[in-house]
Amino acid sequence: MPRFTDELGRVDIRSLSLAEIRELVQGLGKEKFRALQVYKWIWQRLIPSFQDMTNISKAFRSEMEDRAFLRQLELHRMERSSDGTRKLAWRLHDGLLIESVLIPDDERLTLCISSQVGCAMGCAFCLTGDLGLIRNLTPAEIALQVAQAERLIDPGERISNIVFMGMGEPLANLDHVLVALDFLLDENALNYSHRKITVSTAGLVKGLRRLADASPVNLAVSLNATTDVQRAAIMPVNKAHDLRELLETCRTLPLPAGKRITFEYVMIGGFNDSLDDARRVLKLLRPIKAKVNLIPYNENPDRDLRRPAEDVVQAFQNFVVQGGIQCSIRSSRGTDISAACGQLGKKG
Ligand code: SAH
Ligand code: SF4
């Protein structure tokens with residue numbers, strides 16, 4: 001078991017799938033059902049130490065300690081926005097910081113989680129991209145953002161939705177994201193419905209196909225522009241996978257019955273916010289089971305990009321809806337604490 005080991009050769013048990021924990025437990029000569037007990041302790045009870053596994057013999061607990069370790073994220077800072085949004089900054093064991101964002105909205109409480117430290121995709125409008133890719137998160141680090149946020153929210157609150165829209169490109173870390181999704185979905189672990197989980201990508205087509213084949217979770221694709229010239233100007237990924245390839249992939253993905261792909265569209269004033277753009281959105285997405293989510297650009301001092309006026313966003317939405325495609329506007333939340341889309345990882 002070479003993956004995720006520390007300097008003592010012990011394995012990060014929270015990054016192992018249930019099948020891999022079974023192998024570990026059976027390797028120690030224990031009954032197979034012990035693996036499920038361990039798995040529940042580490043994901044449902046979030047025990048800090050193997051010694052807390054009270055239905056397991058002391059000898060076995062000590063053997064586990066020799067072979068494996070249990071780690072959690074360290075809460076570095078929690079900031080609360082005037083609109084109720086909370087930004088959680090987590091310190092990883094190697095000192096790096098990542099962020100998750102809790103966003104309350106009517107009946108929902110959405111947790112936006114990170115999949116990488118930084119991001120290699122280099123989208124021109126996004127501050128996370130400025131960091132470059134520092135490293136992938138492990139399966140444990142991805143799923144712990146959820147398990148630990150559950151324990152930090154106010155009494156009476158419950159996380160209803162999880163979106164992979166924090167720092168990083170999830171499909172560039174798909175092996176670890178798939179293991180983390182198992183933890184989120186498994187009734188013996190965090191037990192979320194696939195209907196409540198959304199993975200967002202800048203457009204890595206092979207990853208999209210692999211993810212759709214492997215998991216029923218919701219898919220979101222950051223479209224952001226309607227011609228190859230315009231999209232390549234803000235998203236370098238478009239040079240590797242152009243609109244035709246991306247949209248043909250989306251059209252032919254095996255989606256679960258009733259599901260649609262969400263196309264996110266960051267609206268930048270004077271760049272991609274005209275009714276001609278809206279017309280092209282309709283033309284591009286008509287063949288696809290699609291819905292559109294408009295994200296008015298979150299301005300920041302490091303970029304010379306502007307958010308369009310509200311009536312421009314409204315007119316764009318109306319045009320898309322009248323063209324027969326469901327279209328919502330994402331209200332921007334937590335901007336006063338730099339917790340909004342594209343603001344994560346901002347220094348300071
Ligand atoms: N890497 C993935 C998921 C994280 S980014 C992806 O790109 O899809 C999540 C969303 O935030 C993307 O749709 C991205 O286009 C959007 N975004 C990035 N910077 C933004 C900004 N400054 N204002 C508004 N949306 C932004
Ligand atoms: Fe990475 Fe997404 Fe930001 Fe692009 S928008 S740089 S893919 S996090």
# chains A, B, ... in the order shown; residues from 1 in each chain; ligands from 1
>>> closest_atom_pairs(of="chain A", to="ligand 1", cutoff="6 Å", atoms="only C-alpha atoms and all ligand atoms", output="tab-separated table")
residue	atom	partner	partner_atom_place_in_ligand_line	distance
A:Phe125	CA	ligand 1	19 (N)	5.4
A:Cys126	CA	ligand 1	19 (N)	3.8
A:Met165	CA	ligand 1	4 (C)	3.8
A:Gly166	CA	ligand 1	4 (C)	5.1
A:Met167	CA	ligand 1	4 (C)	5.8
A:Gly168	CA	ligand 1	1 (N)	5.0
A:Glu169	CA	ligand 1	1 (N)	3.7
A:Ser200	CA	ligand 1	8 (O)	4.3
A:Thr201	CA	ligand 1	8 (O)	3.7
A:Ala202	CA	ligand 1	7 (O)	4.0
A:Val221	CA	ligand 1	8 (O)	5.9
A:Ser222	CA	ligand 1	13 (O)	4.4
A:Glu264	CA	ligand 1	13 (O)	5.1
A:Val266	CA	ligand 1	25 (N)	5.1
A:Ile295	CA	ligand 1	24 (C)	5.4
A:Pro296	CA	ligand 1	24 (C)	5.9
A:Tyr297	CA	ligand 1	23 (N)	3.8
A:Asn298	CA	ligand 1	23 (N)	3.8
A:Cys341	CA	ligand 1	26 (C)	4.4
A:Gly342	CA	ligand 1	19 (N)	3.0
>>> select_by_dssp(residues="region 70-236 of chain A", states="strand (DSSP E)", output="MDAnalysis selection string")
chainID A and resid 74:80 86:91 97:105 108:112 116:118 133:136 161:164 197:201 218:222
>>> residues_around(residues="Lys30 (chain A)", least_positions_apart="4", cutoff="12 Å", atoms="only C-alpha atoms", output="list in words")
Ile21, Arg22, Glu23, Leu24, Val25, Gln26, Arg34, Ala35, Leu36, Gln37, Val38, Ile56, Ser57, Ala59, Phe60, Arg61, Glu63 and Met64 of chain A
>>> write_last_selection(atoms="C-alpha atoms", output="short mmCIF file (atom, residue, chain, number, x, y, z; two decimals), in the first residue's frame")
data_model
loop_
_atom_site.label_atom_id
_atom_site.label_comp_id
_atom_site.auth_asym_id
_atom_site.auth_seq_id
_atom_site.Cartn_x
_atom_site.Cartn_y
_atom_site.Cartn_z
CA ILE A 21 -9.03 -0.79 4.61
CA ARG A 22 -10.28 -4.37 4.24
CA GLU A 23 -6.95 -5.38 2.74
CA LEU A 24 -5.10 -3.69 5.59
CA VAL A 25 -7.26 -5.34 8.25
CA GLN A 26 -7.06 -8.77 6.64
CA ARG A 34 -13.63 -5.25 11.34
CA ALA A 35 -12.86 -3.06 8.32
CA LEU A 36 -16.39 -1.63 8.27
CA GLN A 37 -16.16 -0.91 12.00
CA VAL A 38 -12.93 0.99 11.50
CA ILE A 56 -12.20 -3.20 18.99
CA SER A 57 -9.56 -4.98 21.10
CA ALA A 59 -4.18 -5.15 20.83
CA PHE A 60 -5.78 -4.46 17.44
CA ARG A 61 -5.95 -0.71 18.15
CA GLU A 63 -1.49 -2.71 15.69
CA MET A 64 -3.46 -0.12 13.72
#
>>> select_by_dssp(residues="region 43-200 of chain A", states="alpha helix (DSSP H)", output="ChimeraX atom specification")
/A:43,58-67,127-130,139-150,174-185
>>> write_last_selection(atoms="N, CA, C and O atoms", output="short mmCIF file (atom, residue, chain, number, x, y, z; two decimals), in the first residue's frame")
data_model
loop_
_atom_site.label_atom_id
_atom_site.label_comp_id
_atom_site.auth_asym_id
_atom_site.auth_seq_id
_atom_site.Cartn_x
_atom_site.Cartn_y
_atom_site.Cartn_z
N TRP A 43 -14.99 7.82 9.77
CA TRP A 43 -15.79 8.78 8.99
C TRP A 43 -17.06 9.25 9.68
O TRP A 43 -17.45 10.40 9.53
N LYS A 58 -7.85 -3.88 22.39
CA LYS A 58 -6.73 -2.97 22.60
C LYS A 58 -5.53 -3.36 21.74
O LYS A 58 -4.82 -2.51 21.20
N ALA A 59 -5.32 -4.68 21.61
CA ALA A 59 -4.18 -5.15 20.83
C ALA A 59 -4.32 -4.71 19.37
O ALA A 59 -3.36 -4.23 18.75
N PHE A 60 -5.54 -4.85 18.83
CA PHE A 60 -5.78 -4.46 17.44
C PHE A 60 -5.63 -2.95 17.26
O PHE A 60 -5.04 -2.47 16.28
N ARG A 61 -6.11 -2.17 18.23
CA ARG A 61 -5.95 -0.71 18.15
C ARG A 61 -4.47 -0.35 18.04
O ARG A 61 -4.08 0.51 17.25
N SER A 62 -3.65 -1.02 18.85
CA SER A 62 -2.21 -0.72 18.84
C SER A 62 -1.56 -1.14 17.52
O SER A 62 -0.70 -0.44 16.99
N GLU A 63 -2.02 -2.29 17.00
CA GLU A 63 -1.49 -2.71 15.69
C GLU A 63 -1.83 -1.68 14.62
O GLU A 63 -1.02 -1.37 13.75
N MET A 64 -3.06 -1.15 14.69
CA MET A 64 -3.46 -0.12 13.72
C MET A 64 -2.57 1.10 13.86
O MET A 64 -2.18 1.72 12.87
N GLU A 65 -2.25 1.47 15.07
CA GLU A 65 -1.39 2.64 15.29
C GLU A 65 0.00 2.47 14.68
O GLU A 65 0.62 3.43 14.26
N ASP A 66 0.47 1.19 14.67
CA ASP A 66 1.78 0.95 14.07
C ASP A 66 1.74 1.05 12.55
O ASP A 66 2.74 1.37 11.92
N ARG A 67 0.58 0.74 11.98
CA ARG A 67 0.48 0.66 10.52
C ARG A 67 -0.11 1.90 9.85
O ARG A 67 0.07 2.12 8.66
N LEU A 127 -8.44 34.29 -9.33
CA LEU A 127 -7.28 34.53 -8.46
C LEU A 127 -6.61 33.23 -8.01
O LEU A 127 -5.41 33.19 -7.79
N THR A 128 -7.39 32.15 -7.88
CA THR A 128 -6.78 30.86 -7.51
C THR A 128 -5.74 30.48 -8.55
O THR A 128 -4.68 29.93 -8.24
N GLY A 129 -6.05 30.78 -9.81
CA GLY A 129 -5.13 30.46 -10.90
C GLY A 129 -3.78 31.15 -10.75
O GLY A 129 -2.75 30.63 -11.20
N ASP A 130 -3.76 32.30 -10.10
CA ASP A 130 -2.49 33.03 -9.92
C ASP A 130 -1.48 32.23 -9.10
O ASP A 130 -0.28 32.45 -9.20
N PRO A 139 -7.50 12.32 -0.85
CA PRO A 139 -8.92 12.02 -0.61
C PRO A 139 -9.35 12.45 0.79
O PRO A 139 -10.44 13.02 0.96
N ALA A 140 -8.49 12.23 1.79
CA ALA A 140 -8.83 12.62 3.17
C ALA A 140 -9.03 14.13 3.26
O ALA A 140 -10.00 14.60 3.85
N GLU A 141 -8.12 14.89 2.69
CA GLU A 141 -8.20 16.35 2.79
C GLU A 141 -9.45 16.90 2.10
O GLU A 141 -10.03 17.90 2.54
N ILE A 142 -9.88 16.24 1.03
CA ILE A 142 -11.09 16.70 0.33
C ILE A 142 -12.32 16.41 1.19
O ILE A 142 -13.13 17.30 1.48
N ALA A 143 -12.46 15.16 1.66
CA ALA A 143 -13.68 14.79 2.39
C ALA A 143 -13.70 15.38 3.81
O ALA A 143 -14.78 15.64 4.36
N LEU A 144 -12.53 15.59 4.41
CA LEU A 144 -12.50 16.18 5.75
C LEU A 144 -13.06 17.60 5.77
O LEU A 144 -13.59 18.05 6.79
N GLN A 145 -12.94 18.33 4.65
CA GLN A 145 -13.54 19.67 4.62
C GLN A 145 -15.04 19.58 4.95
O GLN A 145 -15.59 20.45 5.62
N VAL A 146 -15.68 18.51 4.48
CA VAL A 146 -17.11 18.32 4.74
C VAL A 146 -17.34 17.84 6.17
O VAL A 146 -18.11 18.42 6.93
N ALA A 147 -16.62 16.78 6.55
CA ALA A 147 -16.84 16.17 7.88
C ALA A 147 -16.57 17.18 8.99
O ALA A 147 -17.28 17.23 9.99
N GLN A 148 -15.54 18.01 8.82
CA GLN A 148 -15.20 18.96 9.89
C GLN A 148 -16.10 20.19 9.84
O GLN A 148 -16.43 20.74 10.89
N ALA A 149 -16.52 20.62 8.64
CA ALA A 149 -17.47 21.75 8.56
C ALA A 149 -18.79 21.38 9.24
O ALA A 149 -19.42 22.20 9.90
N GLU A 150 -19.19 20.09 9.10
CA GLU A 150 -20.44 19.64 9.75
C GLU A 150 -20.39 19.91 11.25
O GLU A 150 -21.42 20.15 11.88
N LEU A 174 -8.52 13.76 -10.41
CA LEU A 174 -9.72 12.93 -10.40
C LEU A 174 -9.58 11.65 -9.57
O LEU A 174 -10.54 11.23 -8.92
N ASP A 175 -8.39 11.04 -9.55
CA ASP A 175 -8.24 9.81 -8.76
C ASP A 175 -8.63 10.07 -7.30
O ASP A 175 -9.38 9.30 -6.69
N HIS A 176 -8.12 11.17 -6.76
CA HIS A 176 -8.40 11.47 -5.35
C HIS A 176 -9.84 11.95 -5.16
O HIS A 176 -10.47 11.65 -4.15
N VAL A 177 -10.35 12.70 -6.13
CA VAL A 177 -11.73 13.18 -6.04
C VAL A 177 -12.70 11.99 -6.04
O VAL A 177 -13.68 11.98 -5.29
N LEU A 178 -12.41 10.97 -6.86
CA LEU A 178 -13.32 9.81 -6.90
C LEU A 178 -13.36 9.07 -5.56
O LEU A 178 -14.42 8.65 -5.11
N VAL A 179 -12.21 8.93 -4.92
CA VAL A 179 -12.19 8.26 -3.60
C VAL A 179 -12.96 9.13 -2.59
O VAL A 179 -13.77 8.63 -1.81
N ALA A 180 -12.71 10.45 -2.64
CA ALA A 180 -13.42 11.36 -1.73
C ALA A 180 -14.93 11.29 -1.97
O ALA A 180 -15.73 11.31 -1.02
N LEU A 181 -15.36 11.19 -3.24
CA LEU A 181 -16.79 11.08 -3.53
C LEU A 181 -17.38 9.81 -2.91
O LEU A 181 -18.51 9.83 -2.41
N ASP A 182 -16.60 8.73 -2.91
CA ASP A 182 -17.07 7.51 -2.23
C ASP A 182 -17.37 7.81 -0.76
O ASP A 182 -18.39 7.37 -0.22
N PHE A 183 -16.48 8.53 -0.10
CA PHE A 183 -16.69 8.85 1.32
C PHE A 183 -17.95 9.72 1.49
O PHE A 183 -18.73 9.54 2.41
N LEU A 184 -18.12 10.69 0.59
CA LEU A 184 -19.28 11.60 0.71
C LEU A 184 -20.59 10.85 0.48
O LEU A 184 -21.60 11.14 1.12
N LEU A 185 -20.57 9.88 -0.44
CA LEU A 185 -21.81 9.21 -0.85
C LEU A 185 -22.15 7.98 0.00
O LEU A 185 -23.32 7.62 0.13
#
>>> atom_distance(atom1="CA of Ile113 (chain A)", atom2="CA of Arg195 (chain A)")
16.4 Å
>>> residues_around(residues="region 256-260 of chain A", least_positions_apart="3", cutoff="10 Å", atoms="only C-alpha atoms", output="VMD selection string")
chain A and resid 195 212 215 to 220 250 253 263 288 to 292
>>> closest_residue(among="A:Leu275, A:Ser160, A:Pro308, A:Cys119", to="ligand 2", atoms="only C-alpha atoms and all ligand atoms")
A:Cys119
>>> closest_residue(among="A:Ile134, A:Ala278, A:Val320, A:Ala214", to="ligand 2", atoms="only C-alpha atoms and all ligand atoms")
A:Ile134
>>> atom_distance(atom1="CA of Gly203 (chain A)", atom2="CA of Asp228 (chain A)")
12.9 Å
>>> closest_residue(among="A:Arg45, A:Arg86, A:Arg231, A:Lys40", to="ligand 2", atoms="only C-alpha atoms and all ligand atoms")
A:Arg231
>>> atom_distance(atom1="atom 7 (S, counted along the ligand's line) of ligand 2", atom2="CA of Arg280 (chain A)")
22.2 Å
